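Asks: File follows, final_35.txt with compact mmCIF, C-alpha atoms:
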# COMPACT_ATOMS: atom_id res chain seq x y z
CA MET A 177 -11.36 9.22 23.58
CA SER A 178 -8.65 10.65 21.35
CA GLN A 179 -9.48 12.74 18.29
CA PRO A 180 -8.37 11.62 14.81
CA VAL A 181 -5.63 13.67 13.21
CA SER A 182 -6.66 15.07 9.84
CA LEU A 183 -3.85 16.17 7.54
CA ASP A 184 -5.68 18.36 5.07
CA SER A 185 -2.92 20.95 4.94
CA VAL A 186 0.72 20.43 4.01
CA SER A 187 1.75 24.03 3.48
CA SER A 188 5.33 23.44 4.63
CA HIS A 189 5.87 20.73 2.03
CA SER A 190 4.56 22.13 -1.22
CA THR A 191 4.52 19.88 -4.26
CA SER A 192 4.10 22.77 -6.70
CA THR A 193 6.61 23.13 -9.49
CA THR A 194 8.05 26.37 -8.06
CA GLY A 195 10.43 26.13 -5.16
CA VAL A 196 10.13 22.38 -5.02
CA SER A 197 13.03 20.75 -3.18
CA GLU A 198 15.43 18.47 -4.97
CA ASP A 199 14.54 15.65 -2.61
CA LEU A 200 10.84 15.97 -3.34
CA ALA A 201 11.51 16.23 -7.08
CA ALA A 202 13.64 13.07 -6.89
CA LEU A 203 10.90 11.34 -4.93
CA GLU A 204 8.36 12.33 -7.58
CA SER A 205 10.62 10.94 -10.32
CA ILE A 206 10.83 7.66 -8.42
CA ARG A 207 7.05 7.59 -7.94
CA GLN A 208 6.51 7.98 -11.68
CA ARG A 209 9.07 5.28 -12.45
CA VAL A 210 7.49 2.85 -9.96
CA LEU A 211 4.11 3.43 -11.63
CA TRP A 212 5.69 2.82 -15.03
CA LEU A 213 7.51 -0.35 -13.98
CA SER A 214 4.54 -1.91 -12.20
CA THR A 215 2.28 -1.14 -15.16
CA SER A 216 4.88 -2.47 -17.61
CA MET A 217 5.32 -5.78 -15.76
CA ILE A 218 1.62 -6.50 -16.13
CA HIS A 219 1.54 -5.21 -19.71
CA HIS A 220 4.46 -7.44 -20.69
CA ALA A 221 2.87 -10.52 -19.11
CA ASN A 222 -0.37 -9.99 -21.03
CA ARG A 223 0.55 -8.15 -24.24
CA VAL A 224 4.17 -9.00 -25.04
CA ARG A 225 5.17 -12.39 -23.64
CA PRO A 226 4.21 -15.31 -25.92
CA ASN A 227 0.88 -16.76 -24.85
CA PRO A 228 -0.24 -19.72 -26.94
CA THR A 229 -3.52 -20.11 -25.02
CA GLY A 230 -4.65 -16.54 -25.57
CA LEU A 231 -6.03 -16.44 -22.04
CA LYS A 232 -5.55 -13.35 -19.94
CA VAL A 233 -2.52 -13.78 -17.70
CA GLY A 234 -3.79 -11.28 -15.17
CA GLY A 235 -2.45 -8.57 -12.93
CA HIS A 236 -4.03 -5.41 -11.55
CA GLN A 237 -2.65 -2.20 -13.02
CA ALA A 238 -5.29 0.04 -11.42
CA SER A 239 -4.88 -1.51 -7.96
CA CYS A 240 -1.13 -0.96 -8.24
CA ALA A 241 -1.55 2.65 -9.32
CA SER A 242 -3.54 3.63 -6.24
CA MET A 243 -0.72 2.32 -3.98
CA VAL A 244 2.31 3.77 -5.79
CA SER A 245 2.53 7.07 -3.91
CA ILE A 246 1.80 5.44 -0.55
CA MET A 247 4.60 2.91 -1.02
CA THR A 248 7.08 5.32 -2.60
CA ALA A 249 6.86 7.77 0.30
CA LEU A 250 7.09 4.93 2.81
CA TRP A 251 10.10 3.13 1.33
CA PHE A 252 12.17 6.06 0.15
CA GLU A 253 11.69 8.34 3.17
CA HIS A 254 10.50 6.51 6.27
CA LEU A 255 11.08 2.76 6.28
CA GLN A 256 13.85 1.44 8.54
CA PRO A 257 15.76 -1.87 8.33
CA GLY A 258 13.94 -3.27 11.36
CA ASP A 259 10.49 -2.55 9.89
CA ARG A 260 8.40 -5.21 8.20
CA VAL A 261 5.65 -4.59 5.61
CA SER A 262 2.68 -6.67 4.53
CA VAL A 263 1.79 -5.46 1.02
CA LYS A 264 -1.72 -5.46 -0.42
CA PRO A 265 -1.84 -8.62 -2.61
CA HIS A 266 -2.71 -6.91 -5.89
CA ALA A 267 0.08 -4.36 -5.38
CA SER A 268 2.85 -6.96 -5.61
CA PRO A 269 4.23 -5.42 -8.87
CA VAL A 270 4.74 -2.15 -6.94
CA LEU A 271 6.83 -4.01 -4.37
CA HIS A 272 8.86 -5.69 -7.12
CA SER A 273 9.38 -2.34 -8.86
CA ILE A 274 10.72 -0.76 -5.67
CA ASN A 275 12.99 -3.72 -4.99
CA TYR A 276 14.26 -3.47 -8.57
CA LEU A 277 15.12 0.23 -8.20
CA LEU A 278 16.90 -0.59 -4.92
CA GLY A 279 19.02 -3.26 -6.61
CA GLU A 280 17.26 -6.12 -4.80
CA LEU A 281 15.78 -7.73 -7.92
CA ASP A 282 17.44 -8.72 -11.17
CA GLU A 283 16.00 -7.29 -14.38
CA LYS A 284 15.44 -10.77 -15.80
CA TYR A 285 12.52 -11.28 -13.40
CA LEU A 286 10.54 -8.25 -14.59
CA THR A 287 9.25 -10.20 -17.58
CA THR A 288 8.16 -13.20 -15.50
CA LEU A 289 5.08 -11.97 -13.63
CA ARG A 290 2.67 -14.88 -13.14
CA GLU A 291 5.02 -17.16 -15.05
CA PHE A 292 5.99 -20.53 -13.59
CA GLY A 293 9.05 -19.90 -11.42
CA GLY A 294 8.75 -16.14 -11.87
CA LEU A 295 7.30 -13.26 -9.89
CA GLN A 296 4.18 -14.28 -8.04
CA SER A 297 0.77 -12.70 -8.48
CA TYR A 298 0.72 -12.05 -4.73
CA PRO A 299 3.79 -11.36 -2.56
CA SER A 300 5.36 -14.64 -1.46
CA ARG A 301 8.21 -15.14 0.99
CA SER A 302 8.97 -18.60 -0.35
CA LYS A 303 8.49 -18.15 -4.11
CA ASP A 304 9.46 -14.58 -4.99
CA PRO A 305 13.17 -13.97 -5.69
CA ASP A 306 13.25 -10.58 -3.93
CA THR A 307 12.60 -9.43 -0.38
CA VAL A 308 9.06 -10.13 0.81
CA ASP A 309 8.29 -9.75 4.51
CA TYR A 310 4.83 -11.33 4.56
CA SER A 311 3.13 -13.68 2.12
CA THR A 312 -0.31 -12.28 1.34
CA GLY A 313 -3.21 -13.49 -0.74
CA SER A 314 -6.68 -14.10 0.65
CA VAL A 315 -8.13 -10.82 1.85
CA GLY A 316 -7.77 -10.18 5.55
CA ILE A 317 -4.75 -12.42 6.07
CA GLY A 318 -2.14 -9.88 4.98
CA ALA A 319 -3.84 -7.13 6.97
CA THR A 320 -3.62 -8.99 10.26
CA ALA A 321 -0.33 -10.85 9.73
CA PRO A 322 1.88 -8.02 11.08
CA ILE A 323 -0.05 -8.18 14.36
CA TRP A 324 1.17 -11.75 14.75
CA GLY A 325 4.61 -10.57 13.68
CA ALA A 326 4.62 -8.01 16.50
CA MET A 327 3.55 -10.66 18.98
CA ALA A 328 6.16 -13.12 17.70
CA ARG A 329 8.94 -10.54 17.96
CA ARG A 330 7.95 -9.75 21.54
CA TYR A 331 7.84 -13.43 22.44
CA VAL A 332 11.29 -14.05 21.01
CA ASP A 333 12.65 -10.94 22.73
CA THR A 334 11.32 -12.18 26.05
CA HIS A 335 12.42 -15.81 25.78
CA LEU A 336 15.39 -16.00 23.43
CA GLY A 337 17.09 -12.65 23.05
CA ASP A 338 16.81 -9.20 21.47
CA THR A 339 15.60 -9.15 17.85
CA GLY A 340 15.85 -5.40 17.41
CA ARG A 341 13.06 -2.89 16.93
CA GLY A 342 10.80 -1.91 14.07
CA ARG A 343 7.30 -1.13 13.00
CA GLN A 344 4.91 -3.68 11.52
CA TYR A 345 3.09 -2.13 8.54
CA SER A 346 -0.04 -3.43 6.80
CA LEU A 347 -0.93 -1.91 3.43
CA VAL A 348 -4.59 -2.71 2.83
CA GLY A 349 -7.34 -1.79 0.40
CA ASP A 350 -10.51 -0.27 1.80
CA ALA A 351 -12.66 -3.16 0.56
CA GLU A 352 -10.46 -5.51 2.59
CA LEU A 353 -11.90 -3.92 5.72
CA ASP A 354 -15.10 -5.86 5.02
CA GLU A 355 -13.40 -9.02 6.30
CA GLY A 356 -14.61 -10.18 9.69
CA ALA A 357 -11.13 -11.27 10.74
CA VAL A 358 -9.94 -7.71 10.28
CA TRP A 359 -12.33 -6.26 12.84
CA GLU A 360 -11.84 -9.17 15.21
CA ALA A 361 -8.17 -8.19 15.27
CA ILE A 362 -8.78 -4.44 15.55
CA LEU A 363 -11.18 -4.87 18.48
CA ASP A 364 -9.04 -7.36 20.41
CA PRO A 365 -8.05 -5.55 23.63
CA GLY A 366 -4.53 -7.00 23.48
CA ILE A 367 -3.80 -5.14 20.25
CA ALA A 368 -4.02 -1.75 21.97
CA ASP A 369 -0.55 -2.30 23.46
CA LEU A 370 1.13 -2.96 20.09
CA GLY A 371 2.36 0.53 19.27
CA GLU A 372 4.55 -0.76 16.45
CA VAL A 373 1.52 -1.82 14.38
CA VAL A 374 0.65 0.62 11.55
CA TRP A 375 -2.08 0.09 8.98
CA ILE A 376 -2.20 2.26 5.85
CA VAL A 377 -5.59 2.09 4.15
CA ASP A 378 -5.79 2.71 0.40
CA LEU A 379 -9.20 4.42 0.41
CA ASN A 380 -9.99 4.30 -3.31
CA ARG A 381 -13.67 3.50 -2.73
CA GLN A 382 -13.80 0.82 -5.42
CA SER A 383 -14.18 -2.94 -5.30
CA LEU A 384 -14.02 -5.64 -7.95
CA ASP A 385 -16.54 -4.19 -10.36
CA ARG A 386 -18.09 -1.06 -8.91
CA VAL A 387 -17.75 2.12 -6.92
CA ILE A 388 -18.75 1.36 -3.33
CA PRO A 389 -21.41 3.93 -2.39
CA ASN A 390 -21.32 3.49 1.38
CA ILE A 391 -17.63 3.62 2.29
CA ALA A 392 -17.40 6.56 4.67
CA ALA A 393 -13.97 7.48 5.95
CA ARG A 394 -15.44 9.29 8.94
CA ARG A 395 -17.16 6.10 10.09
CA LEU A 396 -13.93 4.16 9.72
CA GLU A 397 -12.11 6.82 11.73
CA LYS A 398 -14.60 6.49 14.57
CA MET A 399 -14.39 2.69 14.60
CA PHE A 400 -10.59 2.65 14.78
CA ASP A 401 -10.61 5.46 17.33
CA ALA A 402 -13.08 3.60 19.54
CA ALA A 403 -10.71 0.61 19.51
CA GLY A 404 -7.91 2.82 20.87
CA TRP A 405 -5.97 3.34 17.64
CA GLN A 406 -4.27 6.55 16.57
CA VAL A 407 -6.14 7.75 13.47
CA ILE A 408 -4.47 9.91 10.79
CA THR A 409 -6.50 10.87 7.74
CA VAL A 410 -4.83 12.22 4.58
CA LYS A 411 -7.61 13.76 2.50
CA PHE A 412 -6.36 16.38 0.08
CA GLY A 413 -3.22 17.35 -1.78
CA THR A 414 -1.49 20.69 -2.02
CA LEU A 415 -3.40 22.01 -5.04
CA LEU A 416 -6.82 21.50 -3.47
CA GLU A 417 -5.63 22.90 -0.15
CA GLU A 418 -4.51 26.07 -1.93
CA LEU A 419 -7.88 26.36 -3.69
CA PHE A 420 -9.66 26.01 -0.35
CA THR A 421 -7.99 29.26 0.81
CA ARG A 422 -9.52 31.26 -2.07
CA PRO A 423 -12.97 32.89 -2.11
CA GLY A 424 -15.45 30.03 -2.42
CA GLY A 425 -12.89 27.55 -1.10
CA ASP A 426 -14.89 26.64 2.00
CA ALA A 427 -17.90 25.82 -0.16
CA LEU A 428 -15.71 23.72 -2.46
CA ARG A 429 -14.29 21.74 0.48
CA THR A 430 -17.78 21.07 1.84
CA ARG A 431 -19.03 20.06 -1.59
CA ILE A 432 -16.23 17.52 -2.13
CA LEU A 433 -16.51 16.08 1.38
CA ASP A 434 -20.29 15.68 1.10
CA MET A 435 -20.25 14.33 -2.46
CA PRO A 436 -21.37 10.68 -2.81
CA ASN A 437 -18.60 8.36 -3.96
CA PRO A 438 -20.21 7.47 -7.33
CA GLU A 439 -20.69 11.15 -8.17
CA TYR A 440 -17.06 11.94 -7.35
CA GLN A 441 -15.81 9.00 -9.43
CA ARG A 442 -17.81 10.25 -12.42
CA LEU A 443 -15.97 13.58 -12.27
CA LEU A 444 -12.71 11.72 -12.92
CA ARG A 445 -14.02 10.61 -16.31
CA CYS A 446 -15.34 14.04 -17.31
CA THR A 447 -13.88 16.67 -19.59
CA ALA A 448 -12.95 20.03 -18.08
CA GLU A 449 -16.16 21.53 -19.48
CA GLU A 450 -18.24 18.80 -17.85
CA VAL A 451 -16.42 19.29 -14.54
CA ARG A 452 -17.23 23.01 -14.63
CA ASP A 453 -20.89 22.12 -15.02
CA ARG A 454 -21.09 19.29 -12.45
CA LEU A 455 -18.68 20.23 -9.69
CA PRO A 456 -20.61 23.23 -8.25
CA GLY A 457 -23.77 21.17 -7.77
CA THR A 458 -27.07 22.83 -6.89
CA GLY A 459 -26.87 23.16 -3.12
CA PRO A 460 -25.76 26.01 -0.84
CA GLY A 461 -22.48 27.49 -2.00
CA SER A 462 -22.87 26.41 -5.62
CA THR A 463 -22.60 30.00 -6.85
CA GLN A 464 -19.33 30.54 -4.97
CA ILE A 465 -17.93 27.30 -6.37
CA THR A 466 -18.93 28.31 -9.90
CA GLU A 467 -17.10 31.61 -9.49
CA LEU A 468 -14.01 29.86 -8.10
CA VAL A 469 -13.98 27.28 -10.90
CA ALA A 470 -14.25 30.06 -13.48
CA THR A 471 -10.82 31.35 -12.39
CA LEU A 472 -9.11 28.03 -13.21
CA ASP A 473 -7.79 26.87 -16.55
CA ASP A 474 -8.78 23.43 -17.80
CA ALA A 475 -5.55 21.69 -16.77
CA THR A 476 -5.69 23.06 -13.21
CA LEU A 477 -9.36 22.18 -12.84
CA THR A 478 -8.99 18.56 -13.96
CA ALA A 479 -5.87 18.18 -11.80
CA ALA A 480 -7.70 19.60 -8.79
CA VAL A 481 -10.52 17.04 -8.76
CA ARG A 482 -7.99 14.20 -8.55
CA ASN A 483 -5.61 15.93 -6.10
CA LEU A 484 -6.16 13.59 -3.14
CA GLY A 485 -3.81 13.18 -0.19
CA GLY A 486 -2.97 9.55 -0.92
CA HIS A 487 -1.15 10.69 -4.07
CA ASP A 488 0.56 13.72 -2.54
CA LEU A 489 4.05 12.64 -1.46
CA ALA A 490 4.48 15.56 0.93
CA ALA A 491 1.12 14.95 2.62
CA LEU A 492 1.91 11.26 3.01
CA SER A 493 5.35 11.99 4.48
CA GLN A 494 3.81 14.38 6.97
CA ALA A 495 1.26 11.72 7.93
CA TYR A 496 3.96 9.12 8.52
CA ARG A 497 5.82 11.58 10.74
CA GLN A 498 2.73 11.88 12.95
CA ILE A 499 2.84 8.20 13.99
CA ASP A 500 3.51 8.23 17.74
CA ASP A 501 4.20 4.50 18.38
CA THR A 502 2.30 4.60 21.68
CA ARG A 503 -0.63 2.61 20.27
CA PRO A 504 -1.61 1.03 16.95
CA THR A 505 -2.00 3.56 14.15
CA VAL A 506 -4.16 3.66 11.06
CA VAL A 507 -3.40 6.07 8.22
CA ILE A 508 -6.46 6.52 6.02
CA ALA A 509 -5.26 7.83 2.66
CA TYR A 510 -7.79 9.05 0.07
CA THR A 511 -6.77 7.67 -3.33
CA ILE A 512 -8.02 7.07 -6.86
CA LYS A 513 -7.95 3.58 -8.32
CA GLY A 514 -5.86 3.68 -11.47
CA TYR A 515 -4.34 7.06 -10.59
CA GLY A 516 -2.20 8.31 -13.47
CA LEU A 517 -3.42 5.68 -15.95
CA PRO A 518 -5.93 5.99 -18.82
CA THR A 519 -8.26 3.73 -16.78
CA GLU A 520 -8.18 6.15 -13.84
CA GLY A 521 -11.39 6.13 -11.80
CA HIS A 522 -13.32 3.82 -14.15
CA PRO A 523 -15.77 1.76 -12.05
CA GLN A 524 -14.68 -1.47 -13.78
CA ASN A 525 -10.94 -0.90 -13.87
CA HIS A 526 -10.09 -3.43 -11.13
CA SER A 527 -8.43 -5.95 -13.44
CA ALA A 528 -8.61 -3.97 -16.68
CA LEU A 529 -5.52 -3.91 -18.88
CA LEU A 530 -4.21 -0.99 -20.90
CA THR A 531 -4.47 -1.53 -24.61
CA VAL A 532 -1.29 -1.40 -26.68
CA ASP A 533 -2.21 2.12 -27.83
CA GLU A 534 -2.95 3.28 -24.28
CA TYR A 535 0.36 1.86 -23.10
CA SER A 536 2.20 3.68 -25.89
CA GLN A 537 0.47 6.95 -24.96
CA PHE A 538 1.34 6.37 -21.31
CA ALA A 539 4.98 5.83 -22.30
CA ALA A 540 5.02 9.04 -24.32
CA ALA A 541 3.62 10.98 -21.37
CA GLN A 542 6.40 9.55 -19.19
CA HIS A 543 9.06 10.20 -21.88
CA LEU A 544 10.00 6.52 -21.76
CA ASP A 545 10.58 3.89 -24.42
CA PRO A 546 7.88 1.18 -24.48
CA GLN A 547 10.32 -1.09 -26.33
CA ASN A 548 12.90 -0.77 -23.54
CA PRO A 549 10.84 -0.33 -20.38
CA TRP A 550 13.19 -1.57 -17.64
CA GLY A 551 15.62 1.30 -17.18
CA ARG A 552 16.92 2.25 -13.73
CA PHE A 553 18.07 5.75 -12.78
CA GLU A 554 21.65 6.75 -13.43
CA ASP A 555 23.59 6.88 -10.15
CA GLU A 556 24.58 10.52 -10.61
CA THR A 557 20.97 11.75 -10.90
CA ALA A 558 19.07 12.96 -7.86
CA ALA A 559 16.67 10.02 -8.12
CA GLY A 560 19.56 7.60 -8.55
CA ARG A 561 21.29 8.97 -5.46
CA LEU A 562 18.08 8.62 -3.47
CA CYS A 563 17.73 4.99 -4.60
CA LEU A 564 21.30 4.24 -3.52
CA ALA A 565 20.83 5.98 -0.17
CA THR A 566 17.57 4.13 0.45
CA ALA A 567 19.11 0.77 -0.40
CA ASP A 568 21.93 1.49 2.02
CA ARG A 569 19.54 2.61 4.76
CA LEU A 570 17.33 -0.47 4.42
CA ARG A 571 20.16 -3.01 4.27
CA ARG A 572 19.50 -5.63 6.92
CA ASP A 573 21.96 -7.55 9.05
CA ALA A 574 22.34 -11.23 8.33
CA VAL A 575 19.87 -13.43 10.17
CA PRO A 576 21.62 -15.00 13.19
CA ALA A 577 22.26 -18.70 12.92
CA VAL A 578 19.96 -20.90 14.96
CA PRO A 579 21.98 -22.39 17.85
CA ASP A 580 22.71 -26.09 17.83
CA LEU A 581 19.87 -27.94 19.48
CA THR A 582 19.49 -31.56 20.42
CA ILE A 583 16.47 -32.69 18.45
CA PRO A 584 15.37 -36.22 19.38
CA THR A 585 14.68 -38.56 16.52
CA ASP A 586 12.48 -40.71 18.73
CA ILE A 587 10.51 -39.70 21.78
CA GLY A 588 10.07 -43.23 23.06
CA ARG A 589 6.34 -43.50 22.72
CA THR A 590 4.48 -46.01 20.57
CA PRO A 591 0.84 -45.10 19.95
CA LYS A 592 -1.62 -47.72 21.16
CA GLY A 593 -5.25 -47.78 20.24
CA THR A 594 -7.23 -44.79 19.09
CA ALA A 595 -6.65 -41.24 20.34
CA THR A 596 -7.73 -37.76 19.41
CA THR A 597 -5.29 -35.51 17.58
CA GLN A 598 -5.53 -33.03 20.45
CA ALA A 599 -4.47 -35.67 22.98
CA ALA A 600 -1.65 -36.87 20.71
CA LEU A 601 -0.34 -33.33 20.32
CA GLY A 602 -0.35 -32.83 24.08
CA ARG A 603 1.64 -36.02 24.65
CA VAL A 604 4.20 -35.14 21.98
CA LEU A 605 4.77 -31.71 23.53
CA LEU A 606 5.21 -33.20 26.99
CA ASP A 607 7.59 -35.82 25.67
CA LEU A 608 9.58 -33.17 23.80
CA THR A 609 9.90 -31.21 27.04
CA ARG A 610 11.36 -34.30 28.69
CA GLU A 611 13.67 -35.32 25.85
CA SER A 612 14.90 -31.88 24.72
CA PRO A 613 13.99 -28.89 26.91
CA ASP A 614 15.96 -26.51 24.64
CA ALA A 615 13.98 -27.54 21.57
CA ALA A 616 10.72 -27.50 23.49
CA GLY A 617 11.42 -23.93 24.55
CA ARG A 618 11.27 -22.90 20.88
CA VAL A 619 7.89 -24.50 20.20
CA VAL A 620 4.82 -22.29 20.44
CA THR A 621 1.48 -23.95 19.89
CA VAL A 622 -1.55 -22.04 18.68
CA SER A 623 -3.83 -24.94 19.52
CA PRO A 624 -6.59 -23.82 21.89
What is this structure when it is put down as C-alpha cells?

Replies:
Amino acid sequence: MSQPVSLDSVSSHSTSTTGVSEDLAALESIRQRVLWLSTSMIHHANRVRPNPTGLKVGGHQASCASMVSIMTALWFEHLQPGDRVSVKPHASPVLHSINYLLGELDEKYLTTLREFGGLQSYPSRSKDPDTVDYSTGSVGIGATAPIWGAMARRYVDTHLGDTGRGRQYSLVGDAELDEGAVWEAILDPGIADLGEVVWIVDLNRQSLDRVIPNIAARRLEKMFDAAGWQVITVKFGTLLEELFTRPGGDALRTRILDMPNPEYQRLLRCTAEEVRDRLPGTGPGSTQITELVATLDDATLTAAVRNLGGHDLAALSQAYRQIDDTRPTVVIAYTIKGYGLPTEGHPQNHSALLTVDEYSQFAAAQHLDPQNPWGRFEDETAAGRLCLATADRLRRDAVPAVPDLTIPTDIGRTPKGTATTQAALGRVLLDLTRESPDAAGRVVTVSP
C-alpha cells in the first residue's frame, strides 16, 4: 500500500515578503482580487441591488473564501486547456471572478448573482454566461461528475476519435465527503485506472452551522489510500513551517496536529493575548510552546495560527506538481472557512453576510473602492500580464462539428397493447440500429 505524501514544508517556494518572486507576488495579488470580487458579487446581490421583498438573496462568502487560494493556484499556474473542473457549488462566485479576470465574463454580469437570467447560485453549463465545465448543485453530484467525464472521454476516444488529453478535477468541501455516492465512486475498482481524476478537498472542518468535531484528515488519507488513490496532504504554510524549526517547534507542531477542531477554530476568533494563553495548552511541551510564543509579536502570532497549507499558494503549487497521473489523486488541503474575511472561522459563518461596515473595512484593507468594486488589473502590471498569459494558455479549440448523420423520423413500429418502459427502450434501440447504424453508434444507455 502506498504512503500518503505530506507537504508540510515548502522551503524552496517561500511566501515571505523578502525575496518573494514576481510571479508569486502577482499570484498573491490575483488571489486577493478573486477574494474581493467573489465577496463583492454576493455583497452587491444582498446589500446594494434593489430588493423590494427584503428577503436575503443568498450566497456564501465564507465558503468562497476557503476555496480562493486553491482555485487561484490551480487556474493561474497549473490548469491546461484540455482539463475540466467541477467546482464546489457554493464557490461559484470564485469561478465567475476568475473568468472575469481572464476576460471570459462581461462586467455587466457581476451584479446579477442569483438574479433571473444572471449568474447562477451554483455553476451551470446551460444558464451561466461564462465557461462552466460541470453543472453542480446537490452535494455529491459535482464530486463524482468528472469520473463520468473521464469515462465518457475514453469511450469517445475509443469509438469516435481522439478528443485530446486532460485531467478531470473535482473541487469538493470536506462535508461533501459524507455523501454515500462519493464513497461508492471512490471504492469502485474501475476508478483505480482513471489517472486523470484529481479531487481537491477543501478541509475547512465546518458544515452548515457548526464546527465538525470528528473530521480527521488522517482517517480520510487512509480511506483514499486503501482505495488505491494517490494522497497528497497540504497541512501548513511557510510561516508555521519556519516556526516549527525553532526551539519548541516540534512541540508546537504536535500541539496543533492533536488539537480538536473546535478548539482550533476558537483560536481564530481570539485576540493575540488570548492566543498566547490558550495555544500552549497544558500537556507535554506546553512550556516550550510558551517560550516560543513569547518570541513572536502579536501580528506574527495571529498570522501563524491561521497559516494553513490550503491558503499558501506555494504549498498548493508544490502539491499540484506532485500529481503523478498513474492513478486517481486526492489533494487534502487544510483551510479556514471565511479565510481573510471578518467572519473568518466563525462556527456559523456558512451563509453569513458581511455587514456594510465590515465590507467597507474589508475594502480599506484591500486598498479598493467599495463604490467601484469591479476593476481588473492593468495589462502592464505583473498581475495583469499573468492574467493575459493564463487566458492565452487556457484558450480552447473550437468544438468539432458533429458529422452529418441520418436520423430516422420514424422507426416503423406502432406500439400495440401494454409494455414496460424497459422493453420499449430495448425495441427502440434495436430499431435504431437497423434504421441508422451511425446514429445508433453514438447512443450510450445507462439503463441496467

Asks: In terms of the shortest atom-to-atom distance over all atoms listed in the file, which of A:Arg207, A:Arg301, A:Arg497, A:Arg503 is closest to Leu562 (chain A)?

Replies: A:Arg207

Asks: Between CA of Ser462 (chain A) and CA of Phe420 (chain A), what is the distance, to one decimal in Å?

Replies: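 Separation of CA of Ser462 (chain A) and CA of Phe420 (chain A): 14.2 Å.
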
Asks: May I ask which of the residues A:Pro226, A:Gly258, A:Gly617, A:Gly316 is the closest one to Ala351 (chain A), counting all atoms listed in the file?

Replies: A:Gly316

Asks: Measure the distance from CA of Phe553 (chain A) to CA of Met247 (chain A) in Å and round it to one decimal.

Replies: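 Those two atoms sit 18.1 Å apart.
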
Asks: Tell me which residues come within 12 Å of (-12.1, 13.7, -14.8), as a VMD selection string, counting all atoms listed in the file in the file's coordinates.

Replies: chain A and resid 439 to 452 454 to 455 474 to 483 512 515 to 522

Asks: Please provide as a PyMOL selection string all residues within 10 Å of Leu203 (chain A), with the sequence filter that same-chain residues fewer than 5 positions apart are discarded (counting all atoms listed in the file).

Replies: chain A and resi 197-198+208-209+245+248-249+252-253+489-490+558-559+562-563

Asks: Please provide as number ranges by chain all residues within 12 Å of region 347-349 of chain A, with the sequence filter that same-chain residues fewer than 6 positions apart are discarded (counting all atoms listed in the file).

Replies: A: 239-240, 242-244, 246-247, 250, 260-268, 270-271, 310, 312-322, 355, 358, 373-384, 391, 506-513, 526

Asks: So how far away is CA of Ser346 (chain A) from CA of Trp405 (chain A), in Å?

Replies: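 These atoms are spaced 14.1 Å apart.
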
Asks: Considering only C-alpha atoms, state which residue in the set A:Ile218, A:Ala328, A:Glu280, A:Thr334 is at the smallest distance from Thr621 (chain A).

Replies: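 Of all the options, A:Ala328 lies closest to Thr621 (chain A).
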
Asks: Near region 364-372 of chain A, counting only C-alpha atoms, which residues have an atom at most 9 Å away, once you skip same-chain residues fewer than 3 positions from it, shown as a list in words?

Replies: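 With the cut-off at 9 Å, the set is Ile323, Ala326, Met327, Arg341, Gly342, Arg343, Gln344, Tyr345, Trp359, Glu360, Ala361, Ala403, Gly404, Trp405, Asp500, Asp501, Thr502, Arg503, Pro504 and Thr505 of chain A.
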
Asks: Name the residues, using the chain letters and numbers of the file, that sit within 9 Å of (8.0, -5.3, -5.8) when counting only C-alpha atoms, and give them as a list in words.

Replies: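 Output: Ser214, Ala267, Ser268, Pro269, Val270, Leu271, His272, Ser273, Ile274, Asn275, Tyr276, Leu281, Leu295, Pro299, Asp306, Thr307 and Val308 of chain A.
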
Asks: Under the rule that all atoms listed in the file are counted, which of A:Ala599, A:Ala565, A:Val410, A:Leu608 is the nearest residue to Trp251 (chain A)?

Replies: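 Of A:Ala599, A:Ala565, A:Val410, A:Leu608, the one nearest Trp251 (chain A), counting all atoms listed in the file, is A:Ala565.
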
Asks: Nearest to Gly424 (chain A) among A:Pro613, A:Pro438, A:Pro456, A:Pro228, with distances taken over all atoms listed in the file: which residue is it?

Replies: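 Ranked by minimum distance to Gly424 (chain A), first place goes to A:Pro456.
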
Asks: Just want the 7 Å neighbourhood of Thr287 (chain A), counted on only C-alpha atoms, with same-chain residues fewer than 6 positions away dropped. Output as a count of residues only.

Replies: 3

Asks: From the set A:Thr466, A:Thr557, A:Lys232, A:Thr339, which residue has the shortest atom-to-atom contact distance to Asp259 (chain A), counting all atoms listed in the file?

Replies: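 Residue with the minimum atom-to-atom distance to Asp259 (chain A): A:Thr339.
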